[in-house]
Amino acid sequence: MVWETPHFSYAVRDLPKGCQLCVRGEKLVLFTTGACPRDCFYCPLSPWRRGDVVYANERPVKIFDDVIEEARIQEAKGAGITGGDPLARLERTVEYIRVLKENFGKDFHIHLYTTGALATEKALSKLYDAGLDEIRFHPDLFKPNSKLFKVEMGNIKRAFDFDWDVGGEIPSIPGQLDRMKWYAEFLDKHGAKFLNVNELEFSEMTLKTLLDMGFQPVSDESSAIKGSLELGLKFLEWGEENTSLSYHLCTAKLKDAVQLRNRLRRMARNVARPYMEITEEGTLRFGIAEYDDLDELYEFLIEEAEVPAEWLYINREKGRIEMPEEVAVELADAIEGDVKFFIVEEYPTWDRLEVERIPLP
């Protein structure tokens with residue numbers, strides 16, 4: 001039976017352990033490199049992630065401590081390692097697995113996505129010895145005659161020699177149902193536990209390519225591709241009847257409305273300053289004042305406006321003074337001149353992405 005989860009996704013049988021943690025916002029996203037042996041037409045990576053870079057969620061990583069700090073802020077119970085292909089920088093990826101396990105314990109669940117192209121027996125052995133719990137293969141199903149595809153499928157077979165959870169992860173591409181069925185039967189035959197299917201989405205990088213290929217967005221408000229969700233549901237119905245695998249159809253709505261929001265909420269409670277309100281969406285809401293001379297404004301607010309110092313924070317990096325929303329509203333009514341007041345909402349992430357700015361009169 002295909003069942004609808006509480007997270008706007010669909011499943012057959014049980015969700016993989018990695019997915020269970022992910023939908024609750026408990027998985028750190030560890031991006032170990034943008035390098036990849038493939039160039040998929042639907043790859044959503046932004047230009048600045050296509051190089052040999054490392055990120056923990058939105059945080060650029062320079063040293064191991066950056067990853068540990070990000071995991072602690074998130075109160076993460078596991079990590080999903082992605083790229084690119086993490087195996088393109090195998091030693092780096094293995095070391096991050098070891099460091100995470102050493103700092104957070106053996107129950108810190110780590111899963112990894114890979115094309116399979118670089119999953120040699122030696123590489124798999126290193127990943128397993130480092131403590132990897134779950135490996136997800138994304139071969140190039142749509143180029144079945146390529147040499148790379150044959151290498152990928154041969155390498156995937158090797159993964160079943162190790163005592164970890166093996167599964168697949170593929171996009172739901174309209175017109176490719178037969179190839180998806182073939183892969184499901186392959187995984188089932190070799191003893192895999194699951195096959196995850198992602199609703200196909202466009203990004204700024206892929207929109208033109210997908211449009212040129214005849215794909216269309218579901219709507220002006222959605223990044224999902226028309227027909228992808230319906231194909232995924234049809235595939236799950238087939239999979240339930242014809243294989244013993246577990247399936248999870250991960251929708252665009254799940255990523256935006258559930259997974260991200262849950263992660264933001266976990267982070268917000270650890271980074272919010274006393275004057276910030278944590279919203280239902282996990283954003284931080286507070287007031288700000290902008291002025292050419294922040295020190296002069298700060299002194300004025302303390303001495304003339306009699307605002308308690310603990311309510312004010314000078315953010316020199318962003319050129320503003322932060323304060324509780326209600327204080328900003330009162331000051332905007334009382335102070336005339338060149339000082340500008342706003343209510344802002346920001347993500348509690350490393351980059352503090354601003355999602356709303358409301359000017360006060």
# chains A, B, ... in the order shown; residues from 1 in each chain; ligands from 1

$ select_by_dssp --residues "segment 90-333 of chain A" --states "strand (DSSP E)" --output "PyMOL selection string"
chain A and resi 109-114+134-137+165-172+194-199+246-250+277-278+284-290+313-315+320-323

$ residues_around --residues "His111 of chain A" --least-positions-apart "5" --cutoff "9 Å" --atoms "only C-alpha atoms" --output "list in words"
Lys17, Gly18, Gly78, Ala79, Gly80, Ile81, Thr82, Leu132, Asp133, Glu134, Ile135, Arg136 and Asp165 of chain A

$ write_last_selection --atoms "C-alpha atoms" --output "compact mmCIF listing (two decimals), in the first residue's frame"
# COMPACT_ATOMS: atom_id res chain seq x y z
CA LYS A 17 16.72 5.59 8.73
CA GLY A 18 18.38 8.49 6.94
CA GLY A 78 23.16 12.44 11.89
CA ALA A 79 24.60 13.67 8.62
CA GLY A 80 23.85 13.21 4.94
CA ILE A 81 27.03 13.43 2.86
CA THR A 82 26.54 14.71 -0.64
CA LEU A 132 29.26 4.90 7.27
CA ASP A 133 25.79 3.54 8.10
CA GLU A 134 23.91 3.88 4.82
CA ILE A 135 24.95 4.26 1.18
CA ARG A 136 22.67 5.47 -1.63
CA ASP A 165 22.12 -0.35 4.50

$ residues_around --residues "Leu211 of chain A" --least-positions-apart "6" --cutoff "10 Å" --atoms "only C-alpha atoms" --output "list in words"
Phe202, Pro217 and Ile225 of chain A

$ select_by_dssp --residues "segment 107-277 of chain A" --states "alpha helix (DSSP H)" --output "NGL selection string"
:A and (121-130 or 147-158 or 177-190 or 207-212 or 228-242 or 252-253 or 260-271)

$ write_last_selection --atoms "C-alpha atoms" --output "PDB file, in the first residue's frame"
ATOM      1  CA  GLU A 121      36.172  -2.148  -3.413  1.00  0.00           C
ATOM      2  CA  LYS A 122      38.957  -0.165  -1.737  1.00  0.00           C
ATOM      3  CA  ALA A 123      36.818   2.982  -1.537  1.00  0.00           C
ATOM      4  CA  LEU A 124      33.835   1.121  -0.113  1.00  0.00           C
ATOM      5  CA  SER A 125      36.038  -0.579   2.447  1.00  0.00           C
ATOM      6  CA  LYS A 126      37.384   2.771   3.653  1.00  0.00           C
ATOM      7  CA  LEU A 127      33.892   4.219   3.976  1.00  0.00           C
ATOM      8  CA  TYR A 128      32.667   1.176   5.885  1.00  0.00           C
ATOM      9  CA  ASP A 129      35.659   1.145   8.247  1.00  0.00           C
ATOM     10  CA  ALA A 130      35.133   4.857   8.976  1.00  0.00           C
ATOM     11  CA  LYS A 147      30.943   2.672 -20.331  1.00  0.00           C
ATOM     12  CA  LEU A 148      30.497   4.718 -17.154  1.00  0.00           C
ATOM     13  CA  PHE A 149      27.102   3.148 -16.489  1.00  0.00           C
ATOM     14  CA  LYS A 150      28.579  -0.353 -16.711  1.00  0.00           C
ATOM     15  CA  VAL A 151      31.285   0.657 -14.240  1.00  0.00           C
ATOM     16  CA  GLU A 152      28.660   2.080 -11.868  1.00  0.00           C
ATOM     17  CA  MET A 153      26.537  -1.054 -11.883  1.00  0.00           C
ATOM     18  CA  GLY A 154      29.563  -3.282 -11.304  1.00  0.00           C
ATOM     19  CA  ASN A 155      30.630  -1.155  -8.354  1.00  0.00           C
ATOM     20  CA  ILE A 156      27.156  -1.116  -6.816  1.00  0.00           C
ATOM     21  CA  LYS A 157      27.232  -4.915  -6.609  1.00  0.00           C
ATOM     22  CA  ARG A 158      30.329  -4.670  -4.407  1.00  0.00           C
ATOM     23  CA  LEU A 177       9.416   4.613 -16.022  1.00  0.00           C
ATOM     24  CA  ASP A 178      10.928   1.528 -17.646  1.00  0.00           C
ATOM     25  CA  ARG A 179      14.458   2.470 -16.593  1.00  0.00           C
ATOM     26  CA  MET A 180      13.276   3.136 -13.054  1.00  0.00           C
ATOM     27  CA  LYS A 181      11.651  -0.306 -12.938  1.00  0.00           C
ATOM     28  CA  TRP A 182      14.835  -1.904 -14.220  1.00  0.00           C
ATOM     29  CA  TYR A 183      16.870  -0.331 -11.432  1.00  0.00           C
ATOM     30  CA  ALA A 184      14.354  -1.345  -8.769  1.00  0.00           C
ATOM     31  CA  GLU A 185      14.527  -4.959  -9.935  1.00  0.00           C
ATOM     32  CA  PHE A 186      18.337  -4.812  -9.944  1.00  0.00           C
ATOM     33  CA  LEU A 187      18.438  -3.505  -6.360  1.00  0.00           C
ATOM     34  CA  ASP A 188      15.833  -5.987  -5.169  1.00  0.00           C
ATOM     35  CA  LYS A 189      17.694  -8.898  -6.738  1.00  0.00           C
ATOM     36  CA  HIS A 190      20.916  -8.006  -4.938  1.00  0.00           C
ATOM     37  CA  LEU A 207      15.615  25.653 -16.001  1.00  0.00           C
ATOM     38  CA  LYS A 208      16.608  26.471 -19.594  1.00  0.00           C
ATOM     39  CA  THR A 209      17.855  22.932 -20.257  1.00  0.00           C
ATOM     40  CA  LEU A 210      14.689  21.359 -18.899  1.00  0.00           C
ATOM     41  CA  LEU A 211      12.456  23.754 -20.837  1.00  0.00           C
ATOM     42  CA  ASP A 212      14.406  23.041 -24.034  1.00  0.00           C
ATOM     43  CA  SER A 228       7.162  13.937 -12.084  1.00  0.00           C
ATOM     44  CA  LEU A 229       5.028  13.415  -8.991  1.00  0.00           C
ATOM     45  CA  GLU A 230       2.403  11.402 -10.891  1.00  0.00           C
ATOM     46  CA  LEU A 231       5.103   9.188 -12.393  1.00  0.00           C
ATOM     47  CA  GLY A 232       6.621   8.662  -8.957  1.00  0.00           C
ATOM     48  CA  LEU A 233       3.293   7.523  -7.520  1.00  0.00           C
ATOM     49  CA  LYS A 234       2.753   5.139 -10.417  1.00  0.00           C
ATOM     50  CA  PHE A 235       6.232   3.744  -9.879  1.00  0.00           C
ATOM     51  CA  LEU A 236       5.623   3.200  -6.142  1.00  0.00           C
ATOM     52  CA  GLU A 237       2.422   1.302  -6.895  1.00  0.00           C
ATOM     53  CA  TRP A 238       4.340  -0.923  -9.286  1.00  0.00           C
ATOM     54  CA  GLY A 239       7.191  -1.348  -6.816  1.00  0.00           C
ATOM     55  CA  GLU A 240       4.930  -2.509  -4.019  1.00  0.00           C
ATOM     56  CA  GLU A 241       3.512  -5.274  -6.202  1.00  0.00           C
ATOM     57  CA  ASN A 242       6.739  -6.379  -7.857  1.00  0.00           C
ATOM     58  CA  ALA A 252       9.442  19.330  -3.488  1.00  0.00           C
ATOM     59  CA  LYS A 253       6.974  20.374  -0.799  1.00  0.00           C
ATOM     60  CA  LEU A 260      14.043  22.971   5.945  1.00  0.00           C
ATOM     61  CA  ARG A 261      11.590  24.427   8.445  1.00  0.00           C
ATOM     62  CA  ASN A 262      12.363  21.725  11.015  1.00  0.00           C
ATOM     63  CA  ARG A 263      16.095  22.281  10.619  1.00  0.00           C
ATOM     64  CA  LEU A 264      15.689  26.053  10.965  1.00  0.00           C
ATOM     65  CA  ARG A 265      13.673  25.652  14.164  1.00  0.00           C
ATOM     66  CA  ARG A 266      16.377  23.469  15.695  1.00  0.00           C
ATOM     67  CA  MET A 267      19.051  25.990  14.780  1.00  0.00           C
ATOM     68  CA  ALA A 268      17.062  29.063  15.784  1.00  0.00           C
ATOM     69  CA  ARG A 269      16.757  28.105  19.417  1.00  0.00           C
ATOM     70  CA  ASN A 270      20.557  27.865  19.657  1.00  0.00           C
ATOM     71  CA  VAL A 271      21.516  31.085  17.851  1.00  0.00           C
TER      72      VAL A 271
END

$ atom_distance --atom1 "atom CA of Glu304 of chain A" --atom2 "atom CA of Pro359 of chain A"
23.0 Å

$ residues_around --residues "Asp39 of chain A" --least-positions-apart "3" --cutoff "10 Å" --atoms "only C-alpha atoms" --output "ChimeraX atom specification"
/A:35-36,42-43,84,140

$ write_last_selection --atoms "all heavy atoms" --output "PDB file, in the first residue's frame"
ATOM      1  N   ALA A  35      33.027  18.299  -7.090  1.00  0.00           N
ATOM      2  CA  ALA A  35      33.585  17.477  -8.168  1.00  0.00           C
ATOM      3  C   ALA A  35      32.726  16.241  -8.381  1.00  0.00           C
ATOM      4  O   ALA A  35      32.210  15.657  -7.428  1.00  0.00           O
ATOM      5  CB  ALA A  35      35.015  17.074  -7.821  1.00  0.00           C
ATOM      6  N   CYS A  36      32.586  15.844  -9.650  1.00  0.00           N
ATOM      7  CA  CYS A  36      31.740  14.693  -9.968  1.00  0.00           C
ATOM      8  C   CYS A  36      32.173  14.116 -11.315  1.00  0.00           C
ATOM      9  O   CYS A  36      32.503  14.871 -12.238  1.00  0.00           O
ATOM     10  CB  CYS A  36      30.272  15.113 -10.027  1.00  0.00           C
ATOM     11  SG  CYS A  36      29.121  13.737 -10.271  1.00  0.00           S
ATOM     12  N   TYR A  42      20.037  17.456 -15.053  1.00  0.00           N
ATOM     13  CA  TYR A  42      19.128  17.944 -14.011  1.00  0.00           C
ATOM     14  C   TYR A  42      19.872  18.332 -12.730  1.00  0.00           C
ATOM     15  O   TYR A  42      19.241  18.649 -11.721  1.00  0.00           O
ATOM     16  CB  TYR A  42      18.077  16.886 -13.684  1.00  0.00           C
ATOM     17  CG  TYR A  42      18.647  15.495 -13.475  1.00  0.00           C
ATOM     18  CD1 TYR A  42      19.219  15.132 -12.269  1.00  0.00           C
ATOM     19  CD2 TYR A  42      18.637  14.555 -14.508  1.00  0.00           C
ATOM     20  CE1 TYR A  42      19.754  13.876 -12.080  1.00  0.00           C
ATOM     21  CE2 TYR A  42      19.173  13.295 -14.335  1.00  0.00           C
ATOM     22  CZ  TYR A  42      19.732  12.966 -13.122  1.00  0.00           C
ATOM     23  OH  TYR A  42      20.282  11.711 -12.937  1.00  0.00           O
ATOM     24  N   CYS A  43      21.210  18.312 -12.758  1.00  0.00           N
ATOM     25  CA  CYS A  43      21.985  18.634 -11.549  1.00  0.00           C
ATOM     26  C   CYS A  43      21.724  20.082 -11.121  1.00  0.00           C
ATOM     27  O   CYS A  43      21.981  21.017 -11.878  1.00  0.00           O
ATOM     28  CB  CYS A  43      23.475  18.441 -11.813  1.00  0.00           C
ATOM     29  SG  CYS A  43      24.511  18.860 -10.382  1.00  0.00           S
ATOM     30  N   GLY A  84      28.015  17.155  -5.919  1.00  0.00           N
ATOM     31  CA  GLY A  84      29.083  16.367  -6.467  1.00  0.00           C
ATOM     32  C   GLY A  84      28.970  14.890  -6.111  1.00  0.00           C
ATOM     33  O   GLY A  84      27.935  14.379  -5.767  1.00  0.00           O
ATOM     34  N   ASP A 140      23.759   6.495 -13.601  1.00  0.00           N
ATOM     35  CA  ASP A 140      23.193   7.218 -14.741  1.00  0.00           C
ATOM     36  C   ASP A 140      22.298   6.271 -15.543  1.00  0.00           C
ATOM     37  O   ASP A 140      22.671   5.792 -16.614  1.00  0.00           O
ATOM     38  CB  ASP A 140      24.309   7.786 -15.609  1.00  0.00           C
ATOM     39  CG  ASP A 140      23.793   8.854 -16.564  1.00  0.00           C
ATOM     40  OD1 ASP A 140      22.564   9.055 -16.612  1.00  0.00           O
ATOM     41  OD2 ASP A 140      24.616   9.498 -17.243  1.00  0.00           O
TER      42      ASP A 140
END

$ closest_atom_pairs --of "segment 143-225 of chain A" --to "segment 47-61 of chain A" --cutoff "12 Å" --atoms "only C-alpha atoms" --output "CSV"
residue,atom,partner,partner_atom,distance
A:Ser203,CA,A:Pro47,CA,11.4
A:Glu204,CA,A:Pro47,CA,9.9
A:Met205,CA,A:Pro47,CA,8.0
A:Thr206,CA,A:Pro47,CA,11.4

$ write_last_selection --atoms "N, CA, C and O atoms" --output "compact mmCIF listing (two decimals), in the first residue's frame"
# COMPACT_ATOMS: atom_id res chain seq x y z
N SER A 203 16.26 24.27 -11.17
CA SER A 203 16.98 25.32 -10.46
C SER A 203 17.35 26.39 -11.47
O SER A 203 17.08 26.25 -12.67
N GLU A 204 17.97 27.44 -10.99
CA GLU A 204 18.41 28.48 -11.91
C GLU A 204 19.36 27.91 -12.96
O GLU A 204 19.37 28.33 -14.11
N MET A 205 20.13 26.90 -12.56
CA MET A 205 21.11 26.29 -13.46
C MET A 205 20.46 25.38 -14.50
O MET A 205 21.00 25.19 -15.59
N THR A 206 19.33 24.78 -14.18
CA THR A 206 18.76 23.74 -15.05
C THR A 206 17.49 24.15 -15.79
O THR A 206 17.03 23.40 -16.66

$ atom_distance --atom1 "atom CA of Glu306 of chain A" --atom2 "atom CA of Met323 of chain A"
13.3 Å
